[in-house]
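Chemist: Structure incoming, see below.
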Amino acid sequence: MSNEVLNSLLKEYEHKKLQAELDLEKRKEDLYLQIPRLKQIDDELNKFAIFTAKNILSDSSYPISDLSKKTAALKKEKEEILKSQNLSIDFLKPFYSCNLCRDTGYISNNNYKTTMCSCLKQKLINASFNKSNMSNLNLENFDNFNETLFSGDVDLAKYKFNISPRSNIKNIKNKCIEFVDNFDNPDYKNLLFTGNTGLR
Ligand SMILES: [Zn+2]
């Protein structure tokens with residue numbers, strides 16, 4: 001897979017992530033106008049979060065447990081306000097397309113090791129699938145295969161074959177089906193198509 005495809009997908013992700021975050025800001029603003037208490041709570045929670053971080057860094061002896069109790073009470077109040085509006089707590093979080101990677105395409109595990117998210121992997125697979133022309137499988141498949149397009153007459157002089165092109169193509173189709181049915185069988189031989197330029 002070329003870097004070009006990955007780069008354009010990552011740009012798409014960046015855009016999606018930004019949109020989700022801008023959308024959240026808009027939602028927040030509207031809700032704060034309706035319920036100013038929510039803004040107060042969020043401001044307080046932000047203040048506490050900064051204070052806690054500073055406190056940890058400066059190794060201060062301020063009782064963190066006090067702060068955690070206040071934080072928990074504020075979060076509960078916020079949850080109840082949202083519930084009274086028939087909104088879930090997730091309403092004040094960005095609506096990402098993928099909650100696993102938050103639209104970044106990558107996930108960090110507990111050991112800070114970064115791996116590609118399944119959503120991005122799937123998009124890369126789809127991109128290579130489309131390039132391979134295999135995206136037409138719903139139209140071009142064994143069920144829609146029309147052997148009557150091939151002549152049922154034997155033409156020994158033309159094809160040097162004692163069977164008709166239709167019988168021949170039926171044999172080829174059956175071989176292909178057999179191949180697909182045995183795709184997971186390591187003992188089954190591969191198929192090789194040869195012929196003039198343009199064979200597909
Ligand atoms: Zn993802």
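In the structure tokens, each chain is lettered A, B, ... as it comes, each chain's residues begin at 1, and ligands are numbered from 1 in order of appearance.
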Would you mind listing, for every residue of chain A within 6 Å of ligand 1, the two atoms forming the shortest contact and the distance between them in Å to one decimal, using only C-alpha atoms and all ligand atoms, sorted by chain and ascending residue number, as a Markdown table?
Modeler:
```
| residue | atom | partner | partner_atom_place_in_ligand_line | distance |
| --- | --- | --- | --- | --- |
| A:Cys98 | CA | ligand 1 | 1 (Zn) | 4.6 |
| A:Leu100 | CA | ligand 1 | 1 (Zn) | 5.1 |
| A:Cys101 | CA | ligand 1 | 1 (Zn) | 4.2 |
| A:Asp103 | CA | ligand 1 | 1 (Zn) | 5.7 |
| A:Gly105 | CA | ligand 1 | 1 (Zn) | 5.0 |
| A:Cys117 | CA | ligand 1 | 1 (Zn) | 4.6 |
| A:Ser118 | CA | ligand 1 | 1 (Zn) | 5.8 |
| A:Cys119 | CA | ligand 1 | 1 (Zn) | 4.3 |
```
Chemist: Leaving out region 21-33 of chain A and any residue of its chain fewer than 5 positions from it, which residues lie within 8 Å of it when counting only C-alpha atoms, given as a list in words?
Modeler: Leu38, Lys39, Leu92, Lys93, Pro94 and Phe95 of chain A
Chemist: Compile the contact shell of region 124-130 of chain A as a compact mmCIF listing (two decimals) with N, CA, C and O atoms, in the first residue's frame: residues with an atom at most 12 Å away, counting only C-alpha atoms, same-chain residues fewer than 3 positions apart removed.
Modeler:
```txt
# COMPACT_ATOMS: atom_id res chain seq x y z
N MET A 1 0.85 -1.20 0.00
CA MET A 1 0.00 0.00 0.00
C MET A 1 0.88 1.24 0.00
O MET A 1 1.80 1.35 0.80
N SER A 2 0.61 2.12 -0.91
CA SER A 2 1.47 3.29 -1.01
C SER A 2 1.20 4.27 0.13
O SER A 2 0.13 4.32 0.70
N ASN A 3 2.27 5.05 0.43
CA ASN A 3 2.14 6.04 1.49
C ASN A 3 1.11 7.09 1.13
O ASN A 3 0.51 7.70 2.00
N GLU A 4 0.95 7.29 -0.18
CA GLU A 4 0.01 8.29 -0.67
C GLU A 4 -1.40 8.02 -0.14
O GLU A 4 -2.09 8.93 0.33
N VAL A 5 -1.81 6.75 -0.21
CA VAL A 5 -3.15 6.37 0.25
C VAL A 5 -3.26 6.60 1.76
O VAL A 5 -4.23 7.18 2.25
N LEU A 6 -2.22 6.15 2.48
CA LEU A 6 -2.22 6.31 3.94
C LEU A 6 -2.27 7.79 4.31
O LEU A 6 -3.06 8.20 5.16
N ASN A 7 -1.46 8.59 3.64
CA ASN A 7 -1.43 10.02 3.94
C ASN A 7 -2.78 10.69 3.69
O ASN A 7 -3.23 11.51 4.49
N SER A 8 -3.42 10.30 2.59
CA SER A 8 -4.70 10.96 2.30
C SER A 8 -5.75 10.48 3.31
O SER A 8 -6.61 11.26 3.71
N LEU A 9 -5.66 9.22 3.76
CA LEU A 9 -6.60 8.74 4.78
C LEU A 9 -6.36 9.49 6.10
O LEU A 9 -7.30 9.89 6.78
N LEU A 10 -5.09 9.70 6.42
CA LEU A 10 -4.78 10.39 7.69
C LEU A 10 -5.27 11.83 7.66
O LEU A 10 -5.71 12.36 8.69
N GLY A 105 -6.72 7.21 14.09
CA GLY A 105 -6.24 6.08 13.30
C GLY A 105 -5.26 5.18 14.05
O GLY A 105 -4.90 4.12 13.56
N MET A 116 -1.88 0.53 14.73
CA MET A 116 -2.90 1.07 13.84
C MET A 116 -4.28 0.55 14.28
O MET A 116 -4.42 -0.62 14.60
N CYS A 117 -5.25 1.45 14.28
CA CYS A 117 -6.61 1.05 14.70
C CYS A 117 -7.27 0.21 13.61
O CYS A 117 -6.98 0.37 12.42
N SER A 118 -8.18 -0.66 14.03
CA SER A 118 -8.84 -1.54 13.06
C SER A 118 -9.61 -0.74 12.00
O SER A 118 -9.73 -1.17 10.86
N CYS A 119 -10.10 0.46 12.39
CA CYS A 119 -10.88 1.24 11.41
C CYS A 119 -9.98 1.71 10.26
O CYS A 119 -10.39 1.71 9.11
N LEU A 120 -8.75 2.11 10.60
CA LEU A 120 -7.82 2.56 9.56
C LEU A 120 -7.35 1.38 8.71
O LEU A 120 -7.26 1.48 7.48
N LYS A 121 -7.11 0.24 9.38
CA LYS A 121 -6.72 -0.97 8.64
C LYS A 121 -7.80 -1.32 7.62
O LYS A 121 -7.50 -1.63 6.47
N ASN A 133 -10.23 -3.82 -8.57
CA ASN A 133 -11.47 -4.05 -9.32
C ASN A 133 -12.34 -5.12 -8.70
O ASN A 133 -13.27 -5.60 -9.31
N MET A 134 -12.01 -5.53 -7.47
CA MET A 134 -12.80 -6.58 -6.85
C MET A 134 -14.05 -6.03 -6.17
O MET A 134 -14.86 -6.78 -5.64
N SER A 135 -14.19 -4.69 -6.22
CA SER A 135 -15.37 -4.09 -5.59
C SER A 135 -16.64 -4.38 -6.39
O SER A 135 -17.73 -4.11 -5.94
N ASN A 136 -16.46 -4.94 -7.60
CA ASN A 136 -17.64 -5.25 -8.43
C ASN A 136 -18.18 -6.65 -8.17
O ASN A 136 -18.97 -7.16 -8.95
N LEU A 137 -17.71 -7.25 -7.06
CA LEU A 137 -18.07 -8.65 -6.83
C LEU A 137 -19.57 -8.89 -6.72
O LEU A 137 -20.04 -9.98 -7.00
```
Chemist: Rounded to one decimal, what separation in Å do you get between CA of Tyr188 (chain A) and CA of Asp143 (chain A)?
Modeler: 23.3 Å
Chemist: For the structure I just gave you, how does DSSP split region 10-125 of chain A - specifically, which residues are alpha helix (DSSP H)? Reply as an NGL selection string.
Modeler: :A and (10-34 or 36-58 or 64-84 or 118-125)
Chemist: I need the strand (DSSP E or B) residues of region 9-200 of chain A per DSSP on the backbone, written as a list in words.
Modeler: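 Reading the DSSP output for region 9-200 of chain A, strand (DSSP E or B) covers Tyr106, Ile107, Ser108, Thr114, Thr115 and Met116 of chain A.
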Chemist: Which residue gives the smallest distance to Glu44 (chain A) among A:Leu149, A:Leu192, A:Leu74, A:Leu139, with only C-alpha atoms counted?
Modeler: A:Leu74
Chemist: I'd like the neighbourhood of Thr71 (chain A) as a VMD selection string, where a residue qualifies if any of its atoms comes within 10 Å (using only C-alpha atoms), though same-chain residues fewer than 5 positions away should be ignored.
Modeler: chain A and resid 41 44 to 46 48 to 49 65 to 66 76 to 77
Chemist: Rank nothing, just name the residue among A:Lys175, A:Arg37, A:Lys158, A:Lys123 nearest to Glu80 (chain A), using only C-alpha atoms.
Modeler: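 Checking each of A:Lys175, A:Arg37, A:Lys158, A:Lys123 against Glu80 (chain A), counting only C-alpha atoms, the winner is A:Arg37.
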Chemist: Of the candidates A:Ser132, A:Thr52, A:Ser84, A:Ser58, which shows the shortest atom-to-atom distance to Ile35 (chain A), using only C-alpha atoms?
Modeler: A:Ser84
Chemist: If you count only C-alpha atoms, which residues fall within 8 Å of Thr104 (chain A), apart from same-chain ones fewer than 6 positions away, as JSON, numbers by chain?
Modeler: {"A": [10, 13, 14, 17]}
